[in-house]
$ cat target-v2.txt   # compact mmCIF, C-alpha atoms
# COMPACT_ATOMS: atom_id res chain seq x y z
CA MET F 1336 134.43 143.16 109.34
CA SER F 1337 136.17 140.65 107.10
CA HIS F 1338 138.00 141.69 103.98
CA LYS F 1339 137.24 140.25 100.60
CA PRO F 1340 139.52 141.30 97.76
CA ASP F 1341 136.58 142.19 95.53
CA GLN F 1342 134.73 144.41 98.03
CA LYS F 1343 133.68 147.61 96.35
CA LEU F 1344 132.34 150.68 98.04
CA THR F 1345 129.05 152.13 96.90
CA GLU F 1346 129.19 155.84 96.20
CA THR F 1347 126.06 157.91 96.72
CA PHE F 1348 125.74 161.60 96.02
CA LEU F 1349 124.04 163.48 98.83
CA ASP F 1350 121.61 166.36 98.45
CA ALA F 1351 122.29 169.35 100.66
CA GLY F 1352 119.57 168.21 103.07
CA GLN F 1353 121.07 164.71 103.32
CA ALA F 1354 124.62 165.78 104.11
CA PRO F 1355 125.44 165.40 107.80
CA HIS F 1356 126.09 168.48 109.88
CA PHE F 1357 129.79 169.13 109.81
CA PRO F 1358 132.18 169.54 111.39
CA LEU F 1359 130.55 166.78 113.47
CA ASP F 1360 129.43 169.16 116.19
CA GLY F 1361 126.96 167.36 118.37
CA TYR F 1362 127.58 163.93 116.78
CA ARG F 1363 127.07 161.20 119.36
CA HIS F 1364 128.46 157.69 119.41
CA GLY F 1365 127.36 155.83 122.54
CA PRO F 1366 128.56 157.89 125.51
CA LEU F 1367 130.81 160.05 123.30
CA LEU F 1368 130.00 163.55 122.13
CA PHE F 1369 132.11 165.06 119.33
CA ASP F 1370 132.82 168.76 118.94
CA GLN F 1371 135.53 169.78 116.49
CA TYR F 1372 135.90 173.32 117.88
CA ASP F 1373 135.68 172.94 121.66
CA GLY F 1374 136.29 169.23 122.22
CA VAL F 1375 139.41 167.75 123.79
CA GLY F 1376 142.05 167.62 121.05
CA ALA F 1377 140.49 170.27 118.79
CA SER F 1378 142.81 171.73 116.15
CA ALA F 1379 142.67 173.42 112.76
CA VAL F 1380 142.91 170.01 111.07
CA ASN F 1381 139.80 168.69 112.85
CA GLN F 1382 137.97 171.77 111.62
CA SER F 1383 138.89 171.43 107.93
CA ILE F 1384 136.28 168.79 107.05
CA GLY F 1385 134.87 169.45 103.60
CA TYR F 1386 137.87 171.41 102.36
CA LYS F 1387 141.11 169.50 102.96
CA ALA F 1388 139.61 166.62 104.92
CA PHE F 1389 136.79 164.10 105.05
CA VAL F 1390 135.34 161.79 107.69
CA ALA F 1391 135.87 158.03 107.74
CA PHE F 1392 134.36 155.82 110.42
CA MET F 1393 136.83 153.25 111.72
CA ALA F 1394 137.45 150.95 114.64
CA PRO F 1395 139.84 152.20 117.32
CA GLU F 1396 142.04 149.15 116.64
CA MET F 1397 142.44 150.17 113.00
CA PHE F 1398 143.33 153.76 113.92
CA LEU F 1399 145.91 152.47 116.42
CA ALA F 1400 147.40 150.12 113.80
CA LEU F 1401 147.80 153.04 111.39
CA ALA F 1402 149.21 155.58 113.88
CA ALA F 1403 152.74 155.45 115.26
CA PRO F 1404 152.61 153.91 118.75
CA GLY F 1405 154.34 156.68 120.72
CA LEU F 1406 154.70 156.80 124.47
CA VAL F 1407 152.02 156.15 127.05
CA HIS F 1408 150.90 159.61 128.07
CA ASP F 1409 149.12 160.88 131.18
CA SER F 1410 146.29 162.04 128.95
CA ARG F 1411 145.06 158.44 128.53
CA ALA F 1412 144.02 158.27 132.20
CA TYR F 1413 142.57 161.81 132.04
CA LEU F 1414 140.57 160.95 128.91
CA THR F 1415 139.34 157.61 130.24
CA GLU F 1416 138.20 159.20 133.50
CA GLY F 1417 136.59 162.18 131.76
CA ILE F 1418 134.60 160.00 129.36
CA ARG F 1419 133.52 157.72 132.21
CA ARG F 1420 132.61 160.55 134.60
CA TYR F 1421 130.61 162.62 132.12
CA GLU F 1422 129.06 159.77 130.12
CA GLY F 1423 125.84 160.82 128.43
CA THR F 1424 126.33 164.54 129.13
CA ASP F 1425 127.68 167.44 127.09
CA LYS F 1426 130.44 168.20 129.63
CA PHE F 1427 133.35 166.28 128.06
CA PRO F 1428 133.23 166.54 124.26
CA LEU F 1429 136.03 165.14 122.13
CA ALA F 1430 137.38 166.35 118.82
CA SER F 1431 137.68 163.50 116.34
CA PRO F 1432 141.11 161.94 116.01
CA TYR F 1433 142.72 162.53 112.63
CA LEU F 1434 145.10 160.91 110.19
CA MET F 1435 147.11 162.84 107.62
CA VAL F 1436 147.18 160.71 104.48
CA ASN F 1437 149.34 161.01 101.38
CA PHE F 1438 147.20 159.65 98.54
CA ASP F 1439 150.10 159.84 96.07
CA HIS F 1440 151.43 156.58 97.55
CA ASP F 1441 150.05 153.14 96.78
CA PRO F 1442 148.65 152.17 99.17
CA PRO F 1443 147.90 155.58 100.66
CA LYS F 1444 150.47 156.42 103.36
CA ILE F 1445 149.75 157.76 106.84
CA ILE F 1446 152.20 160.61 107.42
CA ALA F 1447 150.97 161.95 110.78
CA HIS F 1448 148.18 161.54 113.29
CA GLU F 1449 146.55 163.07 116.34
CA GLY F 1450 144.26 161.33 118.79
CA ARG F 1451 146.03 158.08 119.65
CA ASN F 1452 145.35 158.56 123.37
CA ARG F 1453 141.67 159.33 122.72
CA MET F 1454 141.39 156.06 120.79
CA HIS F 1455 143.20 154.14 123.57
CA ALA F 1456 140.70 155.57 126.10
CA ILE F 1457 137.73 154.67 123.88
CA ARG F 1458 139.06 151.12 123.47
CA ALA F 1459 139.83 150.77 127.19
CA LEU F 1460 136.24 151.71 128.03
CA GLY F 1461 134.94 149.03 125.66
CA ILE F 1462 133.01 151.50 123.52
CA GLU F 1463 132.08 149.52 120.42
CA GLY F 1464 131.56 150.55 116.84
CA ASP F 1465 133.35 152.78 114.42
CA ILE F 1466 134.51 156.21 115.54
CA PRO F 1467 134.56 159.26 113.22
CA VAL F 1468 138.13 159.98 112.15
CA VAL F 1469 139.10 163.06 110.17
CA ILE F 1470 141.17 162.10 107.12
CA TYR F 1471 143.32 165.08 106.16
CA THR F 1472 144.21 165.00 102.47
CA GLY F 1473 147.08 167.50 102.61
CA ASP F 1474 147.32 169.58 99.46
CA LYS F 1475 144.40 167.81 97.78
CA SER F 1476 140.87 169.13 98.00
CA ALA F 1477 138.75 166.50 99.72
CA ASP F 1478 135.77 167.48 97.56
CA ARG F 1479 137.77 166.60 94.46
CA LEU F 1480 139.41 163.44 95.77
CA PRO F 1481 138.84 160.77 93.13
CA SER F 1482 136.53 157.91 94.10
CA ALA F 1483 139.33 155.52 93.16
CA ASP F 1484 141.54 157.06 95.89
CA VAL F 1485 138.82 156.55 98.50
CA GLN F 1486 138.50 152.91 97.35
CA ARG F 1487 142.30 152.39 97.53
CA PHE F 1488 142.34 153.77 101.08
CA PHE F 1489 139.45 151.49 102.02
CA ASN F 1490 141.37 148.46 100.72
CA ALA F 1491 144.75 149.12 102.36
CA ALA F 1492 147.06 151.74 103.85
CA SER F 1493 150.67 152.07 104.81
CA SER F 1494 150.93 152.88 108.51
CA GLU F 1495 152.88 155.80 109.86
CA GLU F 1496 155.73 153.34 110.50
CA GLY F 1497 155.55 151.91 106.97
CA GLN F 1498 153.68 148.68 107.75
CA TYR F 1499 151.19 147.43 105.14
CA ILE F 1500 147.71 147.36 106.72
CA ARG F 1501 145.09 145.40 104.84
CA GLY F 1502 141.55 146.80 104.87
CA PRO F 1503 138.83 147.41 105.18
CA VAL F 1504 140.37 150.50 106.77
CA PHE F 1505 136.97 152.07 107.44
CA SER F 1506 133.30 151.07 107.33
CA ARG F 1507 131.93 154.22 105.69
CA ALA F 1508 133.04 157.69 104.71
CA ILE F 1509 131.57 161.08 103.92
CA VAL F 1510 133.70 162.88 101.32
CA GLY F 1511 132.21 166.27 100.47
CA ASN F 1512 128.74 165.53 99.10
CA ARG F 1513 129.49 161.82 98.57
CA ALA F 1514 128.81 158.94 100.94
CA PHE F 1515 130.83 155.72 100.57
CA THR F 1516 129.42 152.55 102.12
CA LEU F 1517 129.70 148.80 101.62
$ encode --input "target-v2.txt" --output "structure tokens"
Amino acid sequence: MSHKPDQKLTETFLDAGQAPHFPLDGYRHGPLLFDQYDGVGASAVNQSIGYKAFVAFMAPEMFLALAAPGLVHDSRAYLTEGIRRYEGTDKFPLASPYLMVNFDHDPPKIIAHEGRNRMHAIRALGIEGDIPVVIYTGDKSADRLPSADVQRFFNAASSEEGQYIRGPVFSRAIVGNRAFTL
């Protein structure tokens, strides 16, 4: 996806019947199954979608650019093997990775993350497309997050290590009862 400075997201309000089932239980992306309660990496943050968090769909490379690099961990091999072994089944669900974002900064600043090794495994397996990432808004209610803040985050972010990352940061987002798309 190439970035054009004038790209604007389209905001659509969703009726109750249009809103996706959250917290992403049973969402499939290729061979991946997501389960925010019982999936590998599940935590209270993954489960706060709709209250203090929303879902943005982003490429693994973008997530990895935003998250602090950290150490190579044994879980990468475990995750890669688990995804490969149980591909297409319900036996190895993942919880969505998440980013904690401070929207008071310009551009919005990543302050913490979880799921780097899941994203490395997804990338290593060549799974294409954008992965659902939980965006934790901290003390802000995700339902009340201004559209302008979602647009600013789409355009650019400051990585966990303070590096300016030019967008698009994500391809689409579901924020409460609002869908944001190009």
$ residues_near_point --input "target-v2.txt" --point "(138.6, 158.6, 108.7)" --cutoff "10 Å" --atoms "all atoms listed in the file" --output "short mmCIF file (atom, residue, chain, number, x, y, z; two decimals) with C-alpha atoms, keeping the file's coordinate frame"
data_model
loop_
_atom_site.label_atom_id
_atom_site.label_comp_id
_atom_site.auth_asym_id
_atom_site.auth_seq_id
_atom_site.Cartn_x
_atom_site.Cartn_y
_atom_site.Cartn_z
CA ALA F 1388 139.61 166.62 104.92
CA PHE F 1389 136.79 164.10 105.05
CA VAL F 1390 135.34 161.79 107.69
CA ALA F 1391 135.87 158.03 107.74
CA PHE F 1392 134.36 155.82 110.42
CA MET F 1393 136.83 153.25 111.72
CA ALA F 1394 137.45 150.95 114.64
CA PHE F 1398 143.33 153.76 113.92
CA SER F 1431 137.68 163.50 116.34
CA PRO F 1432 141.11 161.94 116.01
CA TYR F 1433 142.72 162.53 112.63
CA LEU F 1434 145.10 160.91 110.19
CA MET F 1435 147.11 162.84 107.62
CA VAL F 1436 147.18 160.71 104.48
CA ASP F 1465 133.35 152.78 114.42
CA ILE F 1466 134.51 156.21 115.54
CA PRO F 1467 134.56 159.26 113.22
CA VAL F 1468 138.13 159.98 112.15
CA VAL F 1469 139.10 163.06 110.17
CA ILE F 1470 141.17 162.10 107.12
CA TYR F 1471 143.32 165.08 106.16
CA PHE F 1488 142.34 153.77 101.08
CA PHE F 1489 139.45 151.49 102.02
CA VAL F 1504 140.37 150.50 106.77
CA PHE F 1505 136.97 152.07 107.44
CA SER F 1506 133.30 151.07 107.33
CA ARG F 1507 131.93 154.22 105.69
CA ALA F 1508 133.04 157.69 104.71
CA ILE F 1509 131.57 161.08 103.92
CA VAL F 1510 133.70 162.88 101.32
#
$ atom_distance --input "target-v2.txt" --atom1 "atom CA of F:Ile1445" --atom2 "atom CA of F:Ala1403"
9.2 Å
$ atom_distance --input "target-v2.txt" --atom1 "atom CA of F:Leu1429" --atom2 "atom CA of F:Ser1383"
15.8 Å
$ closest_residue --input "target-v2.txt" --among "F:Asn1437, F:Arg1487, F:Leu1367, F:Ala1351" --to "F:Asp1474" --atoms "all atoms listed in the file"
F:Asn1437
$ atom_distance --input "target-v2.txt" --atom1 "atom CA of F:Ser1493" --atom2 "atom CA of F:Arg1363"
29.2 Å
$ residues_around --input "target-v2.txt" --residues "F:Arg1419" --least-positions-apart "2" --cutoff "12 Å" --atoms "all atoms listed in the file" --output "PDB file with C-alpha atoms, in the frame of the given file"
ATOM      1  CA  GLY F1365     127.360 155.830 122.540  1.00  0.00           C
ATOM      2  CA  PRO F1366     128.560 157.890 125.510  1.00  0.00           C
ATOM      3  CA  LEU F1367     130.810 160.050 123.300  1.00  0.00           C
ATOM      4  CA  ALA F1412     144.020 158.270 132.200  1.00  0.00           C
ATOM      5  CA  TYR F1413     142.570 161.810 132.040  1.00  0.00           C
ATOM      6  CA  LEU F1414     140.570 160.950 128.910  1.00  0.00           C
ATOM      7  CA  THR F1415     139.340 157.610 130.240  1.00  0.00           C
ATOM      8  CA  GLU F1416     138.200 159.200 133.500  1.00  0.00           C
ATOM      9  CA  GLY F1417     136.590 162.180 131.760  1.00  0.00           C
ATOM     10  CA  TYR F1421     130.610 162.620 132.120  1.00  0.00           C
ATOM     11  CA  GLU F1422     129.060 159.770 130.120  1.00  0.00           C
ATOM     12  CA  GLY F1423     125.840 160.820 128.430  1.00  0.00           C
ATOM     13  CA  THR F1424     126.330 164.540 129.130  1.00  0.00           C
ATOM     14  CA  LYS F1426     130.440 168.200 129.630  1.00  0.00           C
ATOM     15  CA  PHE F1427     133.350 166.280 128.060  1.00  0.00           C
ATOM     16  CA  PRO F1428     133.230 166.540 124.260  1.00  0.00           C
ATOM     17  CA  ALA F1456     140.700 155.570 126.100  1.00  0.00           C
ATOM     18  CA  ILE F1457     137.730 154.670 123.880  1.00  0.00           C
ATOM     19  CA  ALA F1459     139.830 150.770 127.190  1.00  0.00           C
ATOM     20  CA  LEU F1460     136.240 151.710 128.030  1.00  0.00           C
ATOM     21  CA  GLY F1461     134.940 149.030 125.660  1.00  0.00           C
ATOM     22  CA  ILE F1462     133.010 151.500 123.520  1.00  0.00           C
TER      23      ILE F1462
END
$ closest_residue --input "target-v2.txt" --among "F:Ala1430, F:Ala1477, F:Val1485, F:Gly1405" --to "F:Leu1368" --atoms "only C-alpha atoms"
F:Ala1430
$ closest_residue --input "target-v2.txt" --among "F:His1364, F:Gln1498, F:His1448, F:Ala1483" --to "F:Ser1378" --atoms "all atoms listed in the file"
F:His1448
$ closest_residue --input "target-v2.txt" --among "F:Pro1442, F:Gly1374, F:Gly1450, F:Gly1385" --to "F:Arg1411" --atoms "only C-alpha atoms"
F:Gly1450
$ decode --input "target-v2.txt" --residues "stretch 1336-1467 of chain F" --atoms "C-alpha atoms" --output "mmCIF file, in the first residue's frame"
data_model
loop_
_atom_site.group_PDB
_atom_site.id
_atom_site.type_symbol
_atom_site.label_atom_id
_atom_site.label_comp_id
_atom_site.auth_asym_id
_atom_site.auth_seq_id
_atom_site.Cartn_x
_atom_site.Cartn_y
_atom_site.Cartn_z
ATOM 1 C CA MET F 1336 0.000 0.000 0.000
ATOM 2 C CA SER F 1337 1.576 3.290 -1.022
ATOM 3 C CA HIS F 1338 1.123 6.429 0.998
ATOM 4 C CA LYS F 1339 -0.212 9.619 -0.465
ATOM 5 C CA PRO F 1340 -0.207 12.652 1.813
ATOM 6 C CA ASP F 1341 -3.836 13.437 1.022
ATOM 7 C CA GLN F 1342 -5.245 9.959 1.713
ATOM 8 C CA LYS F 1343 -8.324 10.243 3.871
ATOM 9 C CA LEU F 1344 -10.107 7.428 5.595
ATOM 10 C CA THR F 1345 -13.808 6.961 5.019
ATOM 11 C CA GLU F 1346 -15.799 6.626 8.216
ATOM 12 C CA THR F 1347 -18.963 4.537 8.169
ATOM 13 C CA PHE F 1348 -21.301 4.051 11.089
ATOM 14 C CA LEU F 1349 -22.302 0.431 11.576
ATOM 15 C CA ASP F 1350 -25.705 -0.822 12.631
ATOM 16 C CA ALA F 1351 -25.692 -3.415 15.395
ATOM 17 C CA GLY F 1352 -26.171 -6.185 12.826
ATOM 18 C CA GLN F 1353 -23.219 -4.950 10.739
ATOM 19 C CA ALA F 1354 -20.696 -4.762 13.566
ATOM 20 C CA PRO F 1355 -18.305 -7.713 13.529
ATOM 21 C CA HIS F 1356 -18.415 -10.212 16.357
ATOM 22 C CA PHE F 1357 -15.940 -9.088 18.959
ATOM 23 C CA PRO F 1358 -13.643 -9.824 20.553
ATOM 24 C CA LEU F 1359 -12.640 -11.489 17.260
ATOM 25 C CA ASP F 1360 -13.481 -14.969 18.494
ATOM 26 C CA GLY F 1361 -13.550 -17.264 15.520
ATOM 27 C CA TYR F 1362 -12.095 -14.684 13.094
ATOM 28 C CA ARG F 1363 -10.050 -16.441 10.419
ATOM 29 C CA HIS F 1364 -7.269 -15.060 8.279
ATOM 30 C CA GLY F 1365 -5.854 -17.733 5.982
ATOM 31 C CA PRO F 1366 -4.665 -20.575 8.227
ATOM 32 C CA LEU F 1367 -4.948 -18.418 11.369
ATOM 33 C CA LEU F 1368 -7.774 -18.595 13.881
ATOM 34 C CA PHE F 1369 -8.103 -15.777 16.434
ATOM 35 C CA ASP F 1370 -9.526 -16.201 19.920
ATOM 36 C CA GLN F 1371 -9.013 -13.363 22.380
ATOM 37 C CA TYR F 1372 -9.852 -15.468 25.455
ATOM 38 C CA ASP F 1373 -8.208 -18.841 24.850
ATOM 39 C CA GLY F 1374 -5.695 -18.126 22.082
ATOM 40 C CA VAL F 1375 -1.937 -18.087 22.510
ATOM 41 C CA GLY F 1376 -1.038 -14.702 24.003
ATOM 42 C CA ALA F 1377 -4.485 -13.908 25.441
ATOM 43 C CA SER F 1378 -4.569 -11.153 28.058
ATOM 44 C CA ALA F 1379 -6.951 -8.610 29.538
ATOM 45 C CA VAL F 1380 -5.838 -6.067 26.917
ATOM 46 C CA ASN F 1381 -6.800 -8.355 24.011
ATOM 47 C CA GLN F 1382 -10.216 -8.698 25.611
ATOM 48 C CA SER F 1383 -10.940 -4.974 26.005
ATOM 49 C CA ILE F 1384 -12.024 -4.328 22.404
ATOM 50 C CA GLY F 1385 -14.896 -1.876 22.330
ATOM 51 C CA TYR F 1386 -14.101 -0.289 25.680
ATOM 52 C CA LYS F 1387 -10.450 0.783 25.864
ATOM 53 C CA ALA F 1388 -9.357 -0.700 22.553
ATOM 54 C CA PHE F 1389 -10.222 -1.078 18.889
ATOM 55 C CA VAL F 1390 -9.064 -3.303 16.042
ATOM 56 C CA ALA F 1391 -6.820 -2.146 13.213
ATOM 57 C CA PHE F 1392 -5.739 -4.466 10.416
ATOM 58 C CA MET F 1393 -2.050 -4.102 9.600
ATOM 59 C CA ALA F 1394 0.791 -5.902 7.896
ATOM 60 C CA PRO F 1395 3.158 -7.858 10.138
ATOM 61 C CA GLU F 1396 6.019 -5.671 8.860
ATOM 62 C CA MET F 1397 4.264 -2.529 10.102
ATOM 63 C CA PHE F 1398 3.600 -4.051 13.525
ATOM 64 C CA LEU F 1399 7.261 -5.085 13.777
ATOM 65 C CA ALA F 1400 8.409 -1.584 12.768
ATOM 66 C CA LEU F 1401 6.259 -0.072 15.535
ATOM 67 C CA ALA F 1402 7.163 -2.539 18.309
ATOM 68 C CA ALA F 1403 10.515 -2.567 20.098
ATOM 69 C CA PRO F 1404 12.659 -5.333 18.588
ATOM 70 C CA GLY F 1405 13.479 -7.289 21.762
ATOM 71 C CA LEU F 1406 15.314 -10.582 21.887
ATOM 72 C CA VAL F 1407 14.694 -13.627 19.741
ATOM 73 C CA HIS F 1408 12.606 -15.869 21.941
ATOM 74 C CA ASP F 1409 11.975 -19.619 21.866
ATOM 75 C CA SER F 1410 8.293 -18.873 21.358
ATOM 76 C CA ARG F 1411 8.929 -17.926 17.706
ATOM 77 C CA ALA F 1412 9.795 -21.529 16.815
ATOM 78 C CA TYR F 1413 6.903 -22.843 18.955
ATOM 79 C CA LEU F 1414 4.450 -20.455 17.277
ATOM 80 C CA THR F 1415 5.707 -21.151 13.759
ATOM 81 C CA GLU F 1416 5.477 -24.912 14.294
ATOM 82 C CA GLY F 1417 2.054 -24.693 15.965
ATOM 83 C CA ILE F 1418 0.568 -22.599 13.156
ATOM 84 C CA ARG F 1419 2.072 -24.905 10.530
ATOM 85 C CA ARG F 1420 1.037 -28.144 12.267
ATOM 86 C CA TYR F 1421 -2.561 -27.143 12.983
ATOM 87 C CA GLU F 1422 -3.213 -25.084 9.854
ATOM 88 C CA GLY F 1423 -6.902 -24.922 9.015
ATOM 89 C CA THR F 1424 -8.033 -26.412 12.338
ATOM 90 C CA ASP F 1425 -9.286 -24.912 15.586
ATOM 91 C CA LYS F 1426 -6.461 -26.481 17.637
ATOM 92 C CA PHE F 1427 -3.990 -23.569 17.731
ATOM 93 C CA PRO F 1428 -5.848 -20.259 18.052
ATOM 94 C CA LEU F 1429 -3.952 -17.007 18.544
ATOM 95 C CA ALA F 1430 -4.931 -13.907 20.450
ATOM 96 C CA SER F 1431 -4.386 -10.791 18.366
ATOM 97 C CA PRO F 1432 -1.164 -8.916 18.995
ATOM 98 C CA TYR F 1433 -1.686 -5.493 20.530
ATOM 99 C CA LEU F 1434 -0.135 -2.050 20.615
ATOM 100 C CA MET F 1435 -0.645 0.409 23.455
ATOM 101 C CA VAL F 1436 -0.907 3.850 21.873
ATOM 102 C CA ASN F 1437 -0.749 7.288 23.461
ATOM 103 C CA PHE F 1438 -2.939 9.495 21.276
ATOM 104 C CA ASP F 1439 -1.884 12.646 23.157
ATOM 105 C CA HIS F 1440 1.353 12.649 21.120
ATOM 106 C CA ASP F 1441 1.636 13.825 17.527
ATOM 107 C CA PRO F 1442 2.071 11.467 15.839
ATOM 108 C CA PRO F 1443 0.484 8.939 18.191
ATOM 109 C CA LYS F 1444 3.198 7.137 20.185
ATOM 110 C CA ILE F 1445 3.488 3.389 20.742
ATOM 111 C CA ILE F 1446 4.225 2.907 24.439
ATOM 112 C CA ALA F 1447 4.082 -0.904 24.718
ATOM 113 C CA HIS F 1448 3.243 -3.989 22.712
ATOM 114 C CA GLU F 1449 2.564 -7.702 22.939
ATOM 115 C CA GLY F 1450 2.718 -10.198 20.107
ATOM 116 C CA ARG F 1451 6.016 -9.495 18.356
ATOM 117 C CA ASN F 1452 6.866 -13.207 18.205
ATOM 118 C CA ARG F 1453 3.413 -14.064 16.824
ATOM 119 C CA MET F 1454 3.962 -11.525 14.044
ATOM 120 C CA HIS F 1455 7.461 -12.900 13.331
ATOM 121 C CA ALA F 1456 5.956 -16.401 13.016
ATOM 122 C CA ILE F 1457 3.175 -15.151 10.714
ATOM 123 C CA ARG F 1458 5.734 -13.363 8.532
ATOM 124 C CA ALA F 1459 8.094 -16.368 8.500
ATOM 125 C CA LEU F 1460 5.268 -18.579 7.240
ATOM 126 C CA GLY F 1461 4.555 -16.147 4.399
ATOM 127 C CA ILE F 1462 0.969 -15.538 5.479
ATOM 128 C CA GLU F 1463 -0.114 -12.521 3.465
ATOM 129 C CA GLY F 1464 -2.550 -9.750 4.190
ATOM 130 C CA ASP F 1465 -3.308 -7.571 7.151
ATOM 131 C CA ILE F 1466 -3.609 -9.130 10.594
ATOM 132 C CA PRO F 1467 -6.053 -7.864 13.254
#
